[in-house]
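Heads up, model25.pdb below (PDB, C-alpha atoms):
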ATOM      1  CA  MET A   1     -46.641 -79.702 119.075
ATOM      2  CA  ARG A   2     -43.150 -81.145 118.603
ATOM      3  CA  THR A   3     -40.470 -78.681 117.477
ATOM      4  CA  ARG A   4     -38.818 -79.669 114.224
ATOM      5  CA  THR A   5     -35.105 -80.458 114.311
ATOM      6  CA  THR A   6     -33.154 -78.629 111.633
ATOM      7  CA  ILE A   7     -30.965 -80.523 109.199
ATOM      8  CA  PRO A   8     -27.416 -80.692 110.672
ATOM      9  CA  ARG A   9     -24.740 -78.697 108.864
ATOM     10  CA  SER A  10     -22.742 -81.908 108.402
ATOM     11  CA  VAL A  11     -25.643 -83.445 106.472
ATOM     12  CA  ILE A  12     -26.093 -80.337 104.326
ATOM     13  CA  ALA A  13     -22.359 -80.400 103.592
ATOM     14  CA  ASP A  14     -22.694 -84.052 102.545
ATOM     15  CA  VAL A  15     -25.556 -83.196 100.172
ATOM     16  CA  GLU A  16     -23.505 -80.327  98.743
ATOM     17  CA  GLN A  17     -20.483 -82.575  98.205
ATOM     18  CA  ARG A  18     -22.557 -85.224  96.437
ATOM     19  CA  VAL A  19     -24.301 -82.728  94.159
ATOM     20  CA  ARG A  20     -21.073 -80.906  93.371
ATOM     21  CA  ARG A  21     -19.392 -84.193  92.478
ATOM     22  CA  LEU A  22     -22.262 -85.043  90.139
ATOM     23  CA  CYS A  23     -22.001 -81.603  88.547
ATOM     24  CA  GLU A  24     -18.263 -81.991  88.052
ATOM     25  CA  ASP A  25     -18.555 -85.521  86.676
ATOM     26  CA  LEU A  26     -21.185 -84.347  84.180
ATOM     27  CA  ALA A  27     -19.710 -80.887  83.556
ATOM     28  CA  ALA A  28     -19.498 -81.414  79.801
ATOM     29  CA  LYS A  29     -23.237 -82.118  79.676
ATOM     30  CA  LEU A  30     -24.349 -79.541  82.261
ATOM     31  CA  GLN A  31     -23.227 -76.357  80.575
ATOM     32  CA  PHE A  32     -26.179 -74.363  81.946
ATOM     33  CA  HIS A  33     -27.340 -76.317  85.006
ATOM     34  CA  GLY A  34     -23.874 -77.068  86.387
ATOM     35  CA  TRP A  35     -22.386 -76.163  89.747
ATOM     36  CA  HIS A  36     -22.214 -72.465  88.801
ATOM     37  CA  HIS A  37     -26.027 -72.469  88.592
ATOM     38  CA  VAL A  38     -26.642 -74.676  91.631
ATOM     39  CA  SER A  39     -24.356 -72.689  93.936
ATOM     40  CA  PHE A  40     -25.865 -69.362  92.826
ATOM     41  CA  VAL A  41     -29.412 -70.600  93.439
ATOM     42  CA  ARG A  42     -28.402 -72.108  96.809
ATOM     43  CA  ASP A  43     -26.851 -68.854  98.043
ATOM     44  CA  LYS A  44     -29.803 -66.727  96.907
ATOM     45  CA  ALA A  45     -32.411 -69.193  98.217
ATOM     46  CA  VAL A  46     -30.866 -68.993 101.698
ATOM     47  CA  HIS A  47     -30.829 -65.197 101.423
ATOM     48  CA  PHE A  48     -34.509 -65.032 100.453
ATOM     49  CA  ALA A  49     -35.474 -67.612 103.096
ATOM     50  CA  ARG A  50     -33.794 -65.534 105.753
ATOM     51  CA  ARG A  51     -35.910 -62.569 104.690
ATOM     52  CA  ASN A  52     -39.293 -64.273 104.325
ATOM     53  CA  GLY A  53     -39.091 -66.520 107.401
ATOM     54  CA  ALA A  54     -38.901 -69.840 105.540
ATOM     55  CA  ALA A  55     -36.902 -72.786 106.888
ATOM     56  CA  GLU A  56     -33.394 -71.903 105.729
ATOM     57  CA  ASP A  57     -32.002 -75.419 105.975
ATOM     58  CA  ILE A  58     -34.823 -76.868 103.889
ATOM     59  CA  CYS A  59     -34.444 -74.121 101.270
ATOM     60  CA  GLU A  60     -30.695 -74.655 101.088
ATOM     61  CA  VAL A  61     -30.985 -78.394 100.531
ATOM     62  CA  ALA A  62     -33.893 -77.985  98.097
ATOM     63  CA  ALA A  63     -31.777 -75.552  96.070
ATOM     64  CA  LEU A  64     -28.876 -78.003  96.005
ATOM     65  CA  VAL A  65     -31.010 -80.775  94.503
ATOM     66  CA  HIS A  66     -33.622 -78.814  92.542
ATOM     67  CA  ASP A  67     -32.088 -79.488  89.105
ATOM     68  CA  LEU A  68     -30.927 -83.087  89.484
ATOM     69  CA  ASN A  69     -33.408 -84.013  86.750
ATOM     70  CA  TYR A  70     -30.954 -82.586  84.190
ATOM     71  CA  MET A  71     -28.474 -85.221  85.328
ATOM     72  CA  VAL A  72     -31.043 -87.909  84.575
ATOM     73  CA  ARG A  73     -32.297 -86.690  81.203
ATOM     74  CA  ARG A  74     -31.727 -83.586  79.093
ATOM     75  CA  ASN A  75     -34.577 -81.107  78.589
ATOM     76  CA  SER A  76     -36.510 -82.774  81.413
ATOM     77  CA  LEU A  77     -38.931 -81.794  84.183
ATOM     78  CA  PRO A  78     -38.282 -81.743  87.966
ATOM     79  CA  THR A  79     -40.364 -84.907  88.342
ATOM     80  CA  ASP A  80     -37.794 -86.778  86.257
ATOM     81  CA  GLY A  81     -35.218 -86.204  88.990
ATOM     82  CA  GLU A  82     -37.291 -87.473  91.908
ATOM     83  CA  ALA A  83     -35.550 -90.838  92.300
ATOM     84  CA  LEU A  84     -32.058 -89.312  92.155
ATOM     85  CA  ARG A  85     -33.053 -86.534  94.570
ATOM     86  CA  ARG A  86     -34.485 -88.975  97.080
ATOM     87  CA  LYS A  87     -31.440 -91.254  96.855
ATOM     88  CA  THR A  88     -28.996 -88.356  97.206
ATOM     89  CA  LEU A  89     -30.799 -86.967 100.239
ATOM     90  CA  PHE A  90     -31.316 -90.348 101.901
ATOM     91  CA  VAL A  91     -27.689 -91.484 101.662
ATOM     92  CA  ALA A  92     -26.563 -88.079 102.951
ATOM     93  CA  GLY A  93     -28.682 -88.603 106.069
ATOM     94  CA  VAL A  94     -31.696 -86.346 105.506
ATOM     95  CA  CYS A  95     -34.720 -87.727 107.362
ATOM     96  CA  ILE A  96     -37.702 -89.080 105.412
ATOM     97  CA  GLY A  97     -40.017 -86.291 106.525
ATOM     98  CA  ASP A  98     -37.633 -83.613 105.281
ATOM     99  CA  ILE A  99     -37.041 -85.511 102.019
ATOM    100  CA  GLU A 100     -40.787 -85.446 101.397
ATOM    101  CA  TRP A 101     -40.925 -81.739 102.236
ATOM    102  CA  ILE A 102     -38.003 -80.918  99.945
ATOM    103  CA  GLU A 103     -39.594 -82.892  97.106
ATOM    104  CA  ARG A 104     -42.813 -80.888  97.448
ATOM    105  CA  ILE A 105     -40.878 -77.617  97.411
ATOM    106  CA  VAL A 106     -38.911 -78.497  94.277
ATOM    107  CA  ILE A 107     -42.099 -79.390  92.409
ATOM    108  CA  GLU A 108     -43.990 -76.393  93.798
ATOM    109  CA  ALA A 109     -41.280 -73.917  92.742
ATOM    110  CA  GLU A 110     -41.134 -75.116  89.117
ATOM    111  CA  MET A 111     -41.483 -72.084  86.810
ATOM    112  CA  ARG A 112     -43.841 -73.837  84.401
ATOM    113  CA  THR A 113     -46.493 -74.610  87.020
ATOM    114  CA  ARG A 114     -45.895 -72.326  90.021
ATOM    115  CA  HIS A 115     -48.696 -70.018  91.134
ATOM    116  CA  ARG A 116     -49.238 -67.023  93.379
ATOM    117  CA  ASP A 117     -49.845 -68.943  96.617
ATOM    118  CA  ILE A 118     -46.898 -71.340  96.895
ATOM    119  CA  SER A 119     -45.218 -71.953 100.276
ATOM    120  CA  LEU A 120     -42.583 -69.599 101.708
ATOM    121  CA  GLU A 121     -39.882 -72.211 101.085
ATOM    122  CA  ALA A 122     -40.939 -72.611  97.457
ATOM    123  CA  GLN A 123     -41.024 -68.825  97.107
ATOM    124  CA  ALA A 124     -37.421 -68.546  98.287
ATOM    125  CA  LEU A 125     -36.276 -71.275  95.885
ATOM    126  CA  SER A 126     -38.336 -69.862  93.027
ATOM    127  CA  ASP A 127     -37.022 -66.323  93.490
ATOM    128  CA  ALA A 128     -33.431 -67.579  93.512
ATOM    129  CA  ASP A 129     -33.897 -69.671  90.375
ATOM    130  CA  THR A 130     -35.895 -66.928  88.646
ATOM    131  CA  LEU A 131     -33.197 -64.362  89.408
ATOM    132  CA  PHE A 132     -30.626 -66.538  87.638
ATOM    133  CA  LYS A 133     -32.886 -66.529  84.573
ATOM    134  CA  ALA A 134     -33.368 -62.744  84.782
ATOM    135  CA  LEU A 135     -29.702 -61.796  85.163
ATOM    136  CA  PRO A 136     -28.677 -59.475  82.308
ATOM    137  CA  VAL A 137     -25.693 -61.732  81.588
ATOM    138  CA  THR A 138     -27.753 -64.913  81.204
ATOM    139  CA  PRO A 139     -28.998 -64.430  77.609
ATOM    140  CA  VAL A 140     -25.559 -63.170  76.558
ATOM    141  CA  VAL A 141     -23.287 -65.731  78.246
ATOM    142  CA  LEU A 142     -25.478 -68.714  79.089
ATOM    143  CA  ALA A 143     -28.422 -69.019  76.683
ATOM    144  CA  HIS A 144     -26.394 -70.863  74.050
ATOM    145  CA  LYS A 145     -25.191 -73.245  76.743
ATOM    146  CA  TYR A 146     -28.827 -74.031  77.592
ATOM    147  CA  LEU A 147     -29.483 -74.832  73.929
ATOM    148  CA  GLN A 148     -26.483 -77.136  73.747
ATOM    149  CA  GLU A 149     -27.225 -78.846  77.062
ATOM    150  CA  ASN A 150     -30.863 -79.562  76.261
ATOM    151  CA  GLY A 151     -30.668 -80.165  72.527
ATOM    152  CA  ILE A 152     -33.361 -77.637  71.617
ATOM    153  CA  THR A 153     -33.570 -74.820  69.089
ATOM    154  CA  LEU A 154     -33.528 -71.080  69.731
ATOM    155  CA  ARG A 155     -37.169 -70.980  68.640
ATOM    156  CA  GLU A 156     -38.107 -73.638  71.202
ATOM    157  CA  LEU A 157     -36.260 -71.840  73.988
ATOM    158  CA  ALA A 158     -37.745 -68.455  73.111
ATOM    159  CA  HIS A 159     -41.296 -69.827  73.095
ATOM    160  CA  LYS A 160     -40.618 -71.694  76.355
ATOM    161  CA  ILE A 161     -39.416 -68.541  78.121
ATOM    162  CA  VAL A 162     -42.205 -66.328  76.811
ATOM    163  CA  GLY A 163     -44.870 -68.970  77.373
ATOM    164  CA  GLU A 164     -43.843 -69.823  80.924
ATOM    165  CA  GLN A 165     -42.679 -66.482  82.289
ATOM    166  CA  VAL A 166     -44.509 -63.535  80.726
ATOM    167  CA  GLY A 167     -47.885 -64.366  82.298
ATOM    168  CA  LYS A 168     -46.370 -64.512  85.779
ATOM    169  CA  ALA A 169     -44.680 -61.163  85.250
ATOM    170  CA  ASP A 170     -47.933 -59.638  83.986
ATOM    171  CA  ASP A 171     -49.851 -61.042  86.969
ATOM    172  CA  GLY A 172     -47.372 -59.588  89.470
ATOM    173  CA  TYR A 173     -45.649 -62.622  90.930
ATOM    174  CA  TYR A 174     -42.558 -63.056  88.810
ATOM    175  CA  PHE A 175     -40.727 -62.484  92.105
ATOM    176  CA  TYR A 176     -42.470 -63.204  95.419
ATOM    177  CA  ASP A 177     -40.083 -61.281  97.661
ATOM    178  CA  ALA A 178     -40.954 -57.561  97.633
ATOM    179  CA  GLU A 179     -37.351 -56.399  97.820
ATOM    180  CA  ALA A 180     -36.338 -58.798  95.044
ATOM    181  CA  ALA A 181     -39.179 -57.478  92.911
ATOM    182  CA  ALA A 182     -38.116 -53.884  93.546
ATOM    183  CA  THR A 183     -34.473 -54.649  92.819
ATOM    184  CA  TYR A 184     -34.661 -57.067  89.901
ATOM    185  CA  THR A 185     -37.931 -56.419  88.039
ATOM    186  CA  LYS A 186     -36.162 -54.032  85.638
ATOM    187  CA  TRP A 187     -33.790 -56.857  84.681
ATOM    188  CA  ALA A 188     -36.667 -59.304  84.302
ATOM    189  CA  GLU A 189     -38.707 -56.959  82.122
ATOM    190  CA  THR A 190     -35.717 -56.297  79.870
ATOM    191  CA  ASN A 191     -34.960 -59.996  79.617
ATOM    192  CA  LEU A 192     -38.555 -60.925  78.750
ATOM    193  CA  SER A 193     -38.792 -58.072  76.253
ATOM    194  CA  LEU A 194     -35.674 -59.420  74.541
ATOM    195  CA  TRP A 195     -37.129 -62.934  74.305
ATOM    196  CA  LYS A 196     -40.441 -61.619  72.966
ATOM    197  CA  CYS A 197     -38.476 -59.775  70.272
ATOM    198  CA  ILE A 198     -36.593 -62.981  69.492
ATOM    199  CA  VAL A 199     -39.908 -64.801  69.012
ATOM    200  CA  GLU A 200     -41.080 -62.067  66.657
ATOM    201  CA  SER A 201     -37.795 -62.003  64.734
ATOM    202  CA  LEU A 202     -37.879 -65.731  64.071
ATOM    203  CA  ASP A 203     -40.988 -65.239  61.945
ATOM    204  CA  ASP A 204     -38.875 -63.301  59.454
ATOM    205  CA  PRO A 205     -37.652 -65.728  56.745
ATOM    206  CA  CYS A 206     -34.437 -63.719  56.366
ATOM    207  CA  VAL A 207     -33.647 -64.159  60.066
ATOM    208  CA  GLU A 208     -34.364 -67.880  59.829
ATOM    209  CA  ASP A 209     -32.084 -68.088  56.790
ATOM    210  CA  LEU A 210     -29.382 -66.161  58.656
ATOM    211  CA  LEU A 211     -29.485 -68.548  61.613
ATOM    212  CA  THR A 212     -29.352 -71.544  59.314
ATOM    213  CA  LYS A 213     -26.226 -70.178  57.638
ATOM    214  CA  VAL A 214     -24.561 -69.353  60.957
ATOM    215  CA  ALA A 215     -25.280 -72.838  62.306
ATOM    216  CA  SER A 216     -23.961 -74.629  59.211
TER     217      SER A 216
END
For the structure just supplied, provide its representation as structure tokens.
Amino acid sequence: MRTRTTIPRSVIADVEQRVRRLCEDLAAKLQFHGWHHVSFVRDKAVHFARRNGAAEDICEVAALVHDLNYMVRRNSLPTDGEALRRKTLFVAGVCIGDIEWIERIVIEAEMRTRHRDISLEAQALSDADTLFKALPVTPVVLAHKYLQENGITLRELAHKIVGEQVGKADDGYYFYDAEAAATYTKWAETNLSLWKCIVESLDDPCVEDLLTKVAS
């Protein structure tokens, strides 16, 4: 069996430069999914890949391009970014086989549809992206930026988070990496509890009236 050749560091650096330039050019529109998010997810994905034995180079590049769909259309799905991902990777010099692999990982790691038995590479990417969502600072500092970036309401975001994430936490695979689960589950549980309370609070007409007044 032929040994796979890893993606050269020069190619990874090219991908990083292209994605960072896109993030900077669209900074006003990418208040949540900008370079601050991409670089965090990239660093953590490499860290988790190193621990679980996944291909680090593939995880790093997948993390760099995993949210390009938000540069194509607001409030979109990973599939909406496929063409831009493929173009970015191809012009940077990533081989076709690795482009296909990276595309599968990005789709596989998507919070909305991921399951217990995804690949090691998708697990590393998923854990990195999930950790960003679970950070205690995210609902305080970044949630309103997500609303502005994607043009959705607080109610829509709260139902999205609860609907997509609570079941995975209850079923025991919110994080795939055991050390990540041991370290960050407390944060995740607190975060999800907060969003469940937000969902409940929005059923109170007085709260709805309050938010309407604040927004006006």
Run the PyMOL selection byres ((chain A and resi 108-114) around 7) against the file shown and list the residues it catches, as a JSON list (two decimals) with C-alpha atoms, in the frame of the given file.
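Below is the file part.json, written as the result:
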[["chain", "number", "residue", "atom", "x", "y", "z"],
["A", 104, "ARG", "CA", -42.81, -80.89, 97.45],
["A", 105, "ILE", "CA", -40.88, -77.62, 97.41],
["A", 106, "VAL", "CA", -38.91, -78.50, 94.28],
["A", 107, "ILE", "CA", -42.10, -79.39, 92.41],
["A", 115, "HIS", "CA", -48.70, -70.02, 91.13],
["A", 118, "ILE", "CA", -46.90, -71.34, 96.90],
["A", 122, "ALA", "CA", -40.94, -72.61, 97.46],
["A", 123, "GLN", "CA", -41.02, -68.82, 97.11],
["A", 125, "LEU", "CA", -36.28, -71.28, 95.88],
["A", 126, "SER", "CA", -38.34, -69.86, 93.03],
["A", 164, "GLU", "CA", -43.84, -69.82, 80.92]]
So what does the PyMOL selection byres ((chain A and resi 169-174) around 10) actually pick up in this one, as an NGL selection string?
-> :A and (111 or 114-117 or 123 or 126-127 or 130-131 or 164-168 or 175-178 or 180-181 or 184-185 or 188-189 or 192)
I'd like a table as a Markdown table: residues in stretch 66-139 of chain A with an atom no more than 7 Å from stretch 44-50 of chain A, each row giving the shortest atom pair and its distance in Å to one decimal, all atoms listed in the file counted, sorted by chain and rising residue number.
| residue | atom | partner | partner_atom | distance |
| --- | --- | --- | --- | --- |
| A:Glu121 | CA | A:Ala49 | CA | 6.7 |
| A:Ala124 | CA | A:Phe48 | CA | 5.1 |
| A:Leu125 | CA | A:Ala45 | CA | 5.0 |
| A:Ala128 | CA | A:Lys44 | CA | 5.0 |
Where does the PyMOL selection byres ((chain A and resi 137-142) around 12) land in this file, that is, which residues does it pick, as a PyMOL selection string?
-> chain A and resi 30-34+36-37+130-136+143-149+154+157-158+161+187-188+190-195+198
Six-sided padding of 8 Å per side, axis-aligned box over stretch 155-168 of chain A, centre and edges in Å, one decimal, as JSON:
{"center_x": -42.1, "center_y": -68.6, "center_z": 77.2, "size_x": 27.6, "size_y": 26.1, "size_z": 33.1}
Residues near A:Ile99, cut-off 9 Å, all atoms listed in the file, skip fewer than 2 positions along chain, as a PyMOL selection string | chain A and resi 85-86+89-90+94-97+101-104
Work out how far apart atom CA of A:Cys23 and atom CA of A:Trp35 are and give it in Å to one decimal.
-> 5.6 Å
Generate the missing atoms of stretch 138-154 of chain A up to N, CA, C and O atoms and report them as a short mmCIF file (atom, residue, chain, number, x, y, z; two decimals), in the coordinates of the input.
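Result file follows (result17.cif):
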data_model
loop_
_atom_site.label_atom_id
_atom_site.label_comp_id
_atom_site.auth_asym_id
_atom_site.auth_seq_id
_atom_site.Cartn_x
_atom_site.Cartn_y
_atom_site.Cartn_z
N THR A 138 -27.31 -63.56 81.57
CA THR A 138 -27.75 -64.91 81.20
C THR A 138 -28.01 -65.08 79.71
O THR A 138 -27.48 -66.03 79.10
N PRO A 139 -28.78 -64.22 79.05
CA PRO A 139 -29.00 -64.43 77.61
C PRO A 139 -27.73 -64.24 76.79
O PRO A 139 -27.60 -64.81 75.70
N VAL A 140 -26.79 -63.45 77.30
CA VAL A 140 -25.56 -63.17 76.56
C VAL A 140 -24.54 -64.30 76.71
O VAL A 140 -23.92 -64.74 75.74
N VAL A 141 -24.35 -64.78 77.95
CA VAL A 141 -23.29 -65.73 78.25
C VAL A 141 -23.78 -67.17 78.33
O VAL A 141 -23.04 -68.11 77.99
N LEU A 142 -25.03 -67.37 78.74
CA LEU A 142 -25.48 -68.71 79.09
C LEU A 142 -26.58 -69.30 78.22
O LEU A 142 -26.79 -70.52 78.24
N ALA A 143 -27.30 -68.49 77.46
CA ALA A 143 -28.42 -69.02 76.68
C ALA A 143 -27.98 -70.09 75.70
O ALA A 143 -28.63 -71.13 75.55
N HIS A 144 -26.85 -69.86 75.02
CA HIS A 144 -26.39 -70.86 74.05
C HIS A 144 -25.98 -72.15 74.73
O HIS A 144 -26.09 -73.24 74.16
N LYS A 145 -25.54 -72.04 75.99
CA LYS A 145 -25.19 -73.24 76.74
C LYS A 145 -26.45 -74.06 77.08
O LYS A 145 -26.41 -75.28 77.11
N TYR A 146 -27.55 -73.35 77.35
CA TYR A 146 -28.83 -74.03 77.59
C TYR A 146 -29.25 -74.79 76.34
O TYR A 146 -29.71 -75.94 76.43
N LEU A 147 -29.12 -74.17 75.19
CA LEU A 147 -29.48 -74.83 73.93
C LEU A 147 -28.66 -76.09 73.71
O LEU A 147 -29.20 -77.15 73.36
N GLN A 148 -27.37 -75.99 73.94
CA GLN A 148 -26.48 -77.14 73.75
C GLN A 148 -26.77 -78.24 74.76
O GLN A 148 -26.82 -79.42 74.41
N GLU A 149 -26.97 -77.86 76.01
CA GLU A 149 -27.22 -78.85 77.06
C GLU A 149 -28.50 -79.63 76.81
O GLU A 149 -28.55 -80.85 77.00
N ASN A 150 -29.54 -78.94 76.36
CA ASN A 150 -30.86 -79.56 76.26
C ASN A 150 -31.24 -80.00 74.86
O ASN A 150 -32.30 -80.60 74.66
N GLY A 151 -30.41 -79.70 73.88
CA GLY A 151 -30.67 -80.17 72.53
C GLY A 151 -31.93 -79.58 71.92
O GLY A 151 -32.67 -80.27 71.22
N ILE A 152 -32.17 -78.29 72.18
CA ILE A 152 -33.36 -77.64 71.62
C ILE A 152 -32.93 -76.47 70.74
O ILE A 152 -31.77 -76.04 70.77
N THR A 153 -33.86 -75.93 69.98
CA THR A 153 -33.57 -74.82 69.09
C THR A 153 -33.80 -73.49 69.80
O THR A 153 -34.47 -73.43 70.85
N LEU A 154 -33.29 -72.42 69.19
CA LEU A 154 -33.53 -71.08 69.73
C LEU A 154 -35.02 -70.78 69.74
O LEU A 154 -35.54 -70.18 70.69
#
